[in-house]
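Novice: So here's upload32.csv, just CSV, C-alpha atoms:
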chain,number,residue,atom,x,y,z
A,22,MET,CA,0.0,0.0,0.0
A,23,ASP,CA,3.1,2.3,-0.2
A,24,GLN,CA,2.6,5.6,-1.9
A,25,LEU,CA,-1.1,5.5,-2.1
A,26,ARG,CA,-2.4,8.9,-3.1
A,27,ILE,CA,-5.2,10.0,-0.8
A,28,LEU,CA,-7.4,13.0,-1.3
A,29,ILE,CA,-9.2,14.2,1.9
A,30,ALA,CA,-12.1,16.5,1.3
A,31,ASP,CA,-13.6,18.0,4.4
A,32,ASP,CA,-14.5,21.6,5.3
A,33,ASP,CA,-12.9,21.3,8.7
A,34,PRO,CA,-9.3,22.4,8.3
A,35,ASP,CA,-8.3,20.9,11.7
A,36,LEU,CA,-9.6,17.5,10.7
A,37,ARG,CA,-7.8,17.6,7.4
A,38,ARG,CA,-4.5,18.6,9.1
A,39,ILE,CA,-4.8,15.9,11.8
A,40,VAL,CA,-5.6,13.2,9.2
A,41,ARG,CA,-2.8,14.4,6.9
A,42,ASP,CA,-0.3,14.6,9.8
A,43,GLN,CA,-1.1,11.1,11.0
A,44,LEU,CA,-1.3,9.4,7.6
A,45,ALA,CA,1.7,11.0,5.8
A,46,PRO,CA,4.2,9.2,8.1
A,47,GLN,CA,2.5,5.9,7.3
A,48,GLY,CA,3.7,6.3,3.7
A,49,PHE,CA,0.6,7.9,2.1
A,50,VAL,CA,0.8,10.8,-0.2
A,51,MET,CA,-1.9,13.3,1.1
A,52,GLU,CA,-3.7,16.1,-0.7
A,53,GLU,CA,-6.5,18.2,0.7
A,54,ALA,CA,-9.7,19.9,-0.6
A,55,GLU,CA,-11.8,22.2,1.5
A,56,ASP,CA,-15.1,21.6,-0.3
A,57,GLY,CA,-16.7,19.5,-2.9
A,58,ALA,CA,-16.1,21.8,-5.8
A,59,ASN,CA,-12.4,21.9,-5.0
A,60,ALA,CA,-12.4,18.1,-4.7
A,61,ILE,CA,-13.9,17.7,-8.1
A,62,ALA,CA,-11.3,20.1,-9.6
A,63,MET,CA,-8.5,18.0,-8.0
A,64,LEU,CA,-10.0,14.7,-9.2
A,65,LYS,CA,-10.0,16.1,-12.8
A,66,LYS,CA,-6.3,16.8,-12.6
A,67,GLY,CA,-4.8,13.9,-10.7
A,68,ASN,CA,-5.2,10.2,-10.0
A,69,PHE,CA,-6.1,9.3,-6.5
A,70,GLY,CA,-6.3,5.7,-5.2
A,71,LEU,CA,-8.5,6.7,-2.3
A,72,MET,CA,-10.7,9.6,-1.2
A,73,LEU,CA,-11.7,10.4,2.3
A,74,LEU,CA,-14.9,12.3,1.7
A,75,ASP,CA,-17.0,14.3,4.1
A,76,ILE,CA,-20.7,14.1,3.3
A,77,ASN,CA,-21.6,17.6,4.5
A,78,MET,CA,-19.6,20.4,2.8
A,79,PRO,CA,-20.3,23.8,1.3
A,80,VAL,CA,-20.6,24.4,-2.5
A,81,LYS,CA,-20.9,20.7,-3.5
A,82,SER,CA,-21.6,17.9,-1.0
A,83,GLY,CA,-19.7,14.7,-0.6
A,84,ILE,CA,-22.7,13.0,-2.3
A,85,ASP,CA,-22.2,15.2,-5.3
A,86,VAL,CA,-18.5,14.3,-5.4
A,87,LEU,CA,-19.3,10.6,-5.0
A,88,LYS,CA,-21.7,10.8,-7.9
A,89,PHE,CA,-19.0,12.6,-10.0
A,90,ILE,CA,-16.5,9.8,-9.3
A,91,LYS,CA,-19.0,7.1,-10.3
A,92,GLN,CA,-20.2,8.9,-13.4
A,93,LYS,CA,-16.7,9.4,-14.7
A,94,GLY,CA,-15.7,5.9,-13.8
A,95,LEU,CA,-12.7,7.0,-11.8
A,96,ALA,CA,-10.7,4.2,-10.2
A,97,CYS,CA,-10.7,6.0,-6.9
A,98,LYS,CA,-12.0,4.1,-3.8
A,99,VAL,CA,-14.1,6.2,-1.5
A,100,ILE,CA,-14.6,6.2,2.3
A,101,MET,CA,-17.3,8.6,3.3
A,102,LEU,CA,-16.9,10.6,6.6
A,103,THR,CA,-19.9,11.8,8.5
A,104,GLY,CA,-20.6,13.5,11.8
A,105,ARG,CA,-24.2,12.4,11.6
A,106,VAL,CA,-24.7,9.1,13.4
A,107,GLY,CA,-27.3,6.9,11.7
A,108,PHE,CA,-27.4,3.8,9.7
A,109,SER,CA,-29.3,5.4,6.8
A,110,VAL,CA,-26.6,7.9,6.1
A,111,GLY,CA,-24.0,5.2,5.6
A,112,THR,CA,-26.2,2.8,3.7
A,113,GLU,CA,-27.3,5.7,1.3
A,114,THR,CA,-23.6,6.4,0.4
A,115,LEU,CA,-22.9,2.7,0.0
A,116,GLU,CA,-25.8,2.3,-2.4
A,117,LEU,CA,-24.4,5.2,-4.4
A,118,GLY,CA,-21.1,3.4,-4.7
A,119,ALA,CA,-19.0,4.4,-1.7
A,120,ASP,CA,-16.6,1.6,-0.5
A,121,ASP,CA,-17.1,2.4,3.2
A,122,TYR,CA,-18.1,5.1,5.7
A,123,ILE,CA,-16.8,6.2,9.0
A,124,THR,CA,-18.6,8.3,11.6
A,125,LYS,CA,-16.7,11.2,13.3
A,126,PRO,CA,-14.9,11.3,15.6
A,127,PHE,CA,-12.7,8.3,14.7
A,128,THR,CA,-9.3,7.0,15.8
A,129,LEU,CA,-6.2,6.7,13.7
A,130,ASP,CA,-6.2,3.0,14.2
A,131,TYR,CA,-9.8,2.7,13.0
A,132,LEU,CA,-9.1,4.9,9.9
A,133,LEU,CA,-6.0,2.8,9.0
A,134,PHE,CA,-8.1,-0.4,9.4
A,135,ALA,CA,-10.8,1.0,7.1
A,136,ILE,CA,-8.2,2.1,4.5
A,137,LYS,CA,-6.5,-1.3,4.5
A,138,ARG,CA,-9.9,-3.1,4.2
A,139,VAL,CA,-11.1,-0.9,1.4
A,140,MET,CA,-7.8,-1.1,-0.6
A,141,GLU,CA,-7.8,-4.9,-0.3
A,142,LYS,CA,-11.2,-5.1,-1.8
A,143,LYS,CA,-11.3,-6.0,-5.5
Could you take the file, read its structure, and then write that structure out as structure tokens?
Specialist:
Amino acid sequence: MDQLRILIADDDPDLRRIVRDQLAPQGFVMEEAEDGANAIAMLKKGNFGLMLLDINMPVKSGIDVLKFIKQKGLACKVIMLTGRVGFSVGTETLELGADDYITKPFTLDYLLFAIKRVMEKK
């Protein structure tokens, strides 16, 4: 899993920084987007193996970005991030093609476990 390029899209700069600071030393190449529109622009320019995608963001939501990824047939795996606790939120994103979802707050160990599990899926 070395040098996996991960795009984290979340409107919370502190969360993006914490995730970046914790995942970069693990050998991941991290890039950040502060909203859905910026995330889509970055996806158009670069290949990412994985996206950590917040559902609720300004301009374009994580759902909009997920739909863009699926419509374009991008080979980017997607783990949705949500602060809303509820089974329906996660299942809705899985039905739209997300590979997994995580509720905030989450631990680094759980995030690494989810990344490993998603990247091992065919």
Novice: Find the spatial neighbours of region 45-62 of chain A, counting all atoms listed in the file, within a cut-off of 6 Å - ignore same-chain residues fewer than 3 positions away - and output them as a list in words.
Specialist: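 Those residues are Asp23, Gln24, Leu25, Arg26, Ile27, Leu28, Ile29, Ala30, Asp31, Asp32, Arg41, Asp42, Lys65, Met78, Pro79, Lys81 and Ser82 of chain A.
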Novice: With distances taken over all atoms listed in the file, which residue among A:Gln43, A:Thr114, A:Asn68, A:Ser109 lies nearest Ile84 (chain A)?
Specialist: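 Closest residue, counting all atoms listed in the file: A:Thr114.
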Novice: From the set A:Lys66, A:Ile90, A:Leu73, A:Lys137, which residue has the shortest atom-to-atom contact distance to Arg37 (chain A), counting all atoms listed in the file?
Specialist: A:Leu73
Novice: Nearest to Leu44 (chain A) among A:Val110, A:Val99, A:Leu133, A:Met140, with distances taken over all atoms listed in the file: which residue is it?
Specialist: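 Nearest to Leu44 (chain A): A:Leu133.
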Novice: Which is closer to Asp75 (chain A) than all the others in A:Met63, A:Leu87, A:Ile39, A:Ile136, using all atoms listed in the file?
Specialist: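 The answer is A:Leu87, which sits nearest to Asp75 (chain A).
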Novice: Distance CA of Lys98 (chain A)-CA of Arg138 (chain A), one decimal place?
Specialist: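 Atom-to-atom, CA of Lys98 (chain A) to CA of Arg138 (chain A), that is 11.0 Å.
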Novice: Would you mind listing what lies within 9 Å of Leu95 (chain A) as a ChimeraX atom specification, with only C-alpha atoms counted and same-chain residues fewer than 6 positions away left out?
Specialist: /A:64,68-69,89
Novice: Between A:Leu117, A:Ala96, A:Lys91, A:Val40, single out the one closest to Leu129 (chain A), counting all atoms listed in the file.
Specialist: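 That would be A:Val40, the residue with the smallest distance to Leu129 (chain A).
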Novice: Between A:Asn77, A:Arg38, A:Thr128, A:Glu116, which is the closest to Gly104 (chain A) once you count only C-alpha atoms?
Specialist: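 Selected residue with least distance to Gly104 (chain A): A:Asn77.
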Novice: Would you compute the distance between CA of Lys142 (chain A) and CA of Met101 (chain A)? Give it in Å to one decimal.
Specialist: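 Separation between CA of Lys142 (chain A) and CA of Met101 (chain A): 15.8 Å.
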Novice: One number please: CA of Asp85 (chain A) to CA of Leu115 (chain A), in Å, one decimal.
Specialist: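 CA of Leu115 (chain A) lies at a distance of 13.6 Å from CA of Asp85 (chain A).
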Novice: Hey, what's within 12 Å of Arg105 (chain A) if we count all atoms listed in the file and toss same-chain stuff fewer than 5 positions away? As an NGL selection string, please?
Specialist: :A and (75-77 or 110-111 or 122-126)
Novice: Quick one: write out the picked residues with C-alpha atoms as a PDB file, in the coordinates of the input?
Specialist:
ATOM      1  CA  ASP A  75     -17.000  14.300   4.100  1.00  0.00           C
ATOM      2  CA  ILE A  76     -20.700  14.100   3.300  1.00  0.00           C
ATOM      3  CA  ASN A  77     -21.600  17.600   4.500  1.00  0.00           C
ATOM      4  CA  VAL A 110     -26.600   7.900   6.100  1.00  0.00           C
ATOM      5  CA  GLY A 111     -24.000   5.200   5.600  1.00  0.00           C
ATOM      6  CA  TYR A 122     -18.100   5.100   5.700  1.00  0.00           C
ATOM      7  CA  ILE A 123     -16.800   6.200   9.000  1.00  0.00           C
ATOM      8  CA  THR A 124     -18.600   8.300  11.600  1.00  0.00           C
ATOM      9  CA  LYS A 125     -16.700  11.200  13.300  1.00  0.00           C
ATOM     10  CA  PRO A 126     -14.900  11.300  15.600  1.00  0.00           C
TER      11      PRO A 126
END
